[in-house]
$ cat entry05.cif   # mmCIF, C-alpha atoms
data_final
#
loop_
_atom_site.label_atom_id
_atom_site.label_comp_id
_atom_site.auth_asym_id
_atom_site.auth_seq_id
_atom_site.Cartn_x
_atom_site.Cartn_y
_atom_site.Cartn_z
CA MET F 347 -45.55 -3.12 26.82
CA SER F 348 -47.27 -4.67 23.81
CA ALA F 349 -44.08 -4.42 21.72
CA ARG F 350 -42.15 -6.34 24.35
CA ARG F 351 -44.83 -9.02 24.52
CA HIS F 352 -44.68 -9.33 20.72
CA ASP F 353 -40.86 -9.82 20.83
CA ASP F 354 -41.19 -12.43 23.58
CA SER F 355 -43.80 -14.39 21.63
CA ASN F 356 -41.56 -14.40 18.53
CA ALA F 357 -38.65 -15.63 20.60
CA LEU F 358 -40.80 -18.44 22.00
CA THR F 359 -41.99 -19.42 18.53
CA VAL F 360 -38.44 -19.58 17.14
CA GLY F 361 -37.24 -21.38 20.25
CA ALA F 362 -40.01 -23.96 19.93
CA ALA F 363 -39.21 -24.40 16.25
CA VAL F 364 -35.51 -24.99 17.01
CA ASP F 365 -36.38 -27.46 19.76
CA GLY F 366 -38.84 -29.18 17.46
CA ALA F 367 -36.23 -29.42 14.70
CA ALA F 368 -33.74 -30.92 17.08
CA ARG F 369 -36.24 -33.59 18.19
CA ALA F 370 -37.67 -34.20 14.73
CA THR F 371 -36.53 -37.16 12.71
CA LYS F 372 -36.81 -37.56 8.97
CA GLY F 373 -40.43 -37.61 7.88
CA SER F 374 -41.90 -36.73 11.29
CA VAL F 375 -43.84 -33.59 12.03
CA PRO F 376 -42.86 -31.39 14.97
CA SER F 377 -45.38 -30.54 17.65
CA ALA F 378 -46.02 -27.08 16.20
CA GLY F 379 -47.64 -28.67 13.14
CA LYS F 380 -44.99 -27.56 10.66
CA SER F 381 -43.04 -29.85 8.37
CA VAL F 382 -39.40 -30.61 9.09
CA THR F 383 -38.18 -28.50 6.16
CA ALA F 384 -40.18 -25.50 7.35
CA VAL F 385 -38.74 -25.85 10.83
CA ARG F 386 -35.21 -26.26 9.47
CA SER F 387 -35.58 -23.08 7.40
CA VAL F 388 -36.72 -21.18 10.48
CA ALA F 389 -33.95 -22.69 12.62
CA ALA F 390 -31.27 -21.99 10.04
CA GLY F 391 -31.90 -18.25 10.14
CA PRO F 392 -32.03 -15.84 7.25
CA SER F 393 -30.72 -16.88 3.87
CA PRO F 394 -27.51 -15.24 2.59
CA GLN F 395 -29.60 -12.85 0.51
CA GLU F 396 -31.53 -11.76 3.60
CA ALA F 397 -28.53 -11.61 5.94
CA PRO F 398 -27.59 -8.09 6.98
CA GLU F 399 -24.30 -6.84 5.57
CA MET F 400 -21.51 -5.57 7.76
CA ASP F 401 -20.65 -1.92 7.66
CA LYS F 402 -17.97 -1.77 4.97
CA GLY F 403 -16.87 1.71 5.98
CA SER F 404 -15.81 0.73 9.47
CA GLY F 405 -12.98 -1.52 8.34
CA THR F 406 -13.81 -4.07 11.02
CA GLY F 407 -15.21 -6.64 8.63
CA SER F 408 -12.96 -9.05 6.80
CA GLY F 409 -14.37 -7.95 3.43
CA ALA F 410 -12.50 -4.65 3.50
CA SER F 411 -9.12 -6.23 4.20
CA VAL F 412 -9.53 -8.80 1.44
CA LYS F 413 -10.27 -6.09 -1.11
CA THR F 414 -7.28 -3.98 -0.13
CA SER F 415 -4.79 -6.82 0.25
CA ARG F 416 -5.45 -7.92 -3.33
CA TRP F 417 -3.66 -4.78 -4.53
CA PHE F 418 -0.63 -5.47 -2.37
CA ARG F 419 -0.30 -9.18 -3.08
CA PRO F 420 3.39 -9.84 -3.89
CA THR F 421 3.37 -10.94 -7.52
CA VAL F 422 5.48 -10.36 -10.62
CA VAL F 423 2.79 -8.03 -11.98
CA ASN F 424 2.85 -5.99 -8.77
CA VAL F 425 6.63 -5.57 -9.02
CA LYS F 426 6.38 -4.54 -12.69
CA LEU F 427 3.73 -1.94 -11.86
CA ILE F 428 5.93 -0.45 -9.16
CA TYR F 429 8.84 -0.14 -11.61
CA ALA F 430 6.45 1.40 -14.15
CA GLY F 431 5.32 3.86 -11.47
CA TYR F 432 8.92 4.95 -10.96
CA LEU F 433 9.38 5.45 -14.69
CA ALA F 434 6.14 7.43 -14.92
CA SER F 435 7.23 9.55 -11.96
CA LEU F 436 9.61 11.38 -14.28
CA ALA F 437 6.51 13.07 -15.72
CA MET F 438 4.31 12.95 -12.59
CA PRO F 439 6.44 12.93 -9.41
CA PHE F 440 3.61 11.90 -7.05
CA LEU F 441 3.64 8.45 -8.69
CA ALA F 442 7.00 7.74 -7.04
CA ILE F 443 5.38 8.14 -3.63
CA LEU F 444 2.50 5.90 -4.64
CA ALA F 445 4.89 3.26 -6.03
CA ALA F 446 6.95 3.34 -2.83
CA LEU F 447 3.82 2.84 -0.72
CA PHE F 448 2.89 -0.16 -2.86
CA ALA F 449 6.41 -1.56 -2.43
CA TYR F 450 6.26 -1.18 1.36
CA GLN F 451 2.80 -2.73 1.65
CA SER F 452 3.66 -5.62 -0.67
CA ALA F 453 6.87 -6.33 1.21
CA LYS F 454 4.81 -6.77 4.40
CA GLN F 455 2.90 -9.66 2.81
CA ASN F 456 5.87 -12.08 3.14
CA PRO F 457 6.88 -12.41 -0.52
CA PRO F 458 9.18 -15.19 -1.72
CA PRO F 459 12.85 -14.32 -1.14
CA TRP F 460 13.58 -13.52 -4.79
CA LEU F 461 10.64 -11.08 -4.91
CA ALA F 462 11.66 -9.57 -1.59
CA THR F 463 14.95 -8.47 -3.18
CA HIS F 464 12.95 -6.50 -5.75
CA TYR F 465 10.87 -4.78 -3.06
CA THR F 466 14.05 -3.86 -1.14
CA TYR F 467 15.58 -2.52 -4.35
CA GLN F 468 12.44 -0.49 -5.08
CA MET F 469 12.26 0.99 -1.59
CA ARG F 470 15.92 1.98 -1.72
CA THR F 471 15.43 3.46 -5.18
CA PHE F 472 12.75 5.73 -3.75
CA TRP F 473 14.75 6.89 -0.72
CA ILE F 474 18.03 7.37 -2.58
CA GLY F 475 16.21 9.21 -5.37
CA LEU F 476 14.40 11.42 -2.87
CA GLY F 477 17.65 12.26 -1.08
CA ALA F 478 19.43 12.99 -4.34
CA ASN F 479 16.60 15.24 -5.50
CA LEU F 480 16.66 17.17 -2.22
CA VAL F 481 20.41 17.67 -2.53
CA ALA F 482 20.03 18.72 -6.17
CA TRP F 483 17.27 21.13 -5.22
CA ALA F 484 19.40 22.67 -2.48
CA LEU F 485 22.38 22.99 -4.84
CA SER F 486 20.26 24.44 -7.62
CA PHE F 487 20.60 27.84 -5.99
CA LEU F 488 24.32 27.61 -6.78
CA GLY F 489 23.64 26.41 -10.32
CA VAL F 490 25.20 22.98 -9.73
CA GLY F 491 21.93 21.26 -8.89
CA LEU F 492 20.51 21.93 -12.32
CA LEU F 493 23.12 19.55 -13.73
CA LEU F 494 22.22 16.87 -11.19
CA PHE F 495 18.52 16.55 -12.07
CA PRO F 496 19.16 14.91 -15.48
CA LEU F 497 21.73 12.56 -13.90
CA ILE F 498 19.19 11.52 -11.27
CA ALA F 499 16.62 10.87 -14.00
CA VAL F 500 19.09 8.66 -15.91
CA TRP F 501 19.92 6.81 -12.67
CA LEU F 502 16.20 6.22 -11.98
CA VAL F 503 15.58 4.93 -15.50
CA ALA F 504 18.63 2.64 -15.31
CA ARG F 505 17.53 1.12 -11.99
CA SER F 506 13.95 0.69 -13.14
CA VAL F 507 14.93 -0.92 -16.44
CA LYS F 508 17.38 -3.23 -14.67
CA GLY F 509 14.62 -4.27 -12.28
CA LEU F 510 12.14 -4.81 -15.11
CA ILE F 511 14.61 -7.00 -16.99
CA ARG F 512 15.38 -9.04 -13.87
CA ILE F 513 11.71 -9.51 -12.98
CA ALA F 514 10.81 -10.49 -16.56
CA ARG F 515 13.37 -13.28 -16.31
CA GLN F 516 12.18 -14.01 -12.75
CA HIS F 517 15.63 -13.43 -11.30
CA GLU F 518 16.42 -11.78 -8.02
CA ILE F 519 18.36 -8.53 -7.66
CA GLU F 520 21.94 -9.49 -6.80
CA ASP F 521 22.61 -6.58 -4.44
CA PRO F 522 19.34 -4.83 -3.56
CA ASN F 523 21.15 -2.55 -1.08
CA SER F 524 23.41 -0.94 -3.68
CA TYR F 525 23.40 2.77 -4.36
CA PHE F 526 24.17 2.45 -8.02
CA VAL F 527 22.57 0.46 -10.81
#
$ encode --input "entry05.cif" --output "structure tokens"
Amino acid sequence: MSARRHDDSNALTVGAAVDGAARATKGSVPSAGKSVTAVRSVAAGPSPQEAPEMDKGSGTGSGASVKTSRWFRPTVVNVKLIYAGYLASLAMPFLAILAALFAYQSAKQNPPPWLATHYTYQMRTFWIGLGANLVAWALSFLGVGLLLFPLIAVWLVARSVKGLIRIARQHEIEDPNSYFV
């Protein structure tokens, strides 16, 4: 019971301070005996340093989305990193999956039309390369697939280098839906 009475008295004090600040004019003193600046500081609430932070793990606050969207912002650097990820995937294949995810997420951010052609080209590079690797893997039991893996690697390098050259010049990809280079 005493805890509730304490909360009610604090609420009344803050309420009186807010009412006093609303009625106070410059240089006058509110009825509670505090100066106008003291009442304004009470009425304004906690300072930004004292304000409680939102739970960053829940994902409901806007702070989490701002931090993640920075990575997927459609820029020339983002496109170059995705091409570099495809080139590095020759040594570490999981990087192709990561690069494709970056391409899909960046394409959702409404890039300019000339950048959108690069994201389309990158996404198709991933899916065509994945399909070709699956076919080569299946045919490797017959011995034919072993010859296809180097050809797929050359194709991936050619598409990535073409994309890097086009993005360095800030040109679009002429036919982003092509199967070949």
$ residues_around --input "entry05.cif" --residues "Arg419 in chain F" --least-positions-apart "4" --cutoff "10 Å" --atoms "all atoms listed in the file" --output "count of residues only"
13
$ atom_distance --input "entry05.cif" --atom1 "CA of Met469 in chain F" --atom2 "CA of Ala514 in chain F"
18.9 Å
$ residues_around --input "entry05.cif" --residues "Ala478 in chain F" --least-positions-apart "5" --cutoff "9 Å" --atoms "only C-alpha atoms" --output "list in words"
Trp473, Trp483, Leu494, Phe495 and Ile498 of chain F
$ atom_distance --input "entry05.cif" --atom1 "CA of Ser506 in chain F" --atom2 "CA of Tyr429 in chain F"
5.4 Å
$ atom_distance --input "entry05.cif" --atom1 "CA of Arg505 in chain F" --atom2 "CA of Asn479 in chain F"
15.6 Å
$ residues_around --input "entry05.cif" --residues "range 442-447 of chain F" --least-positions-apart "4" --cutoff "12 Å" --atoms "only C-alpha atoms" --output "NGL selection string"
:F and (417-418 or 424-438 or 451-454 or 464-476 or 502 or 506)
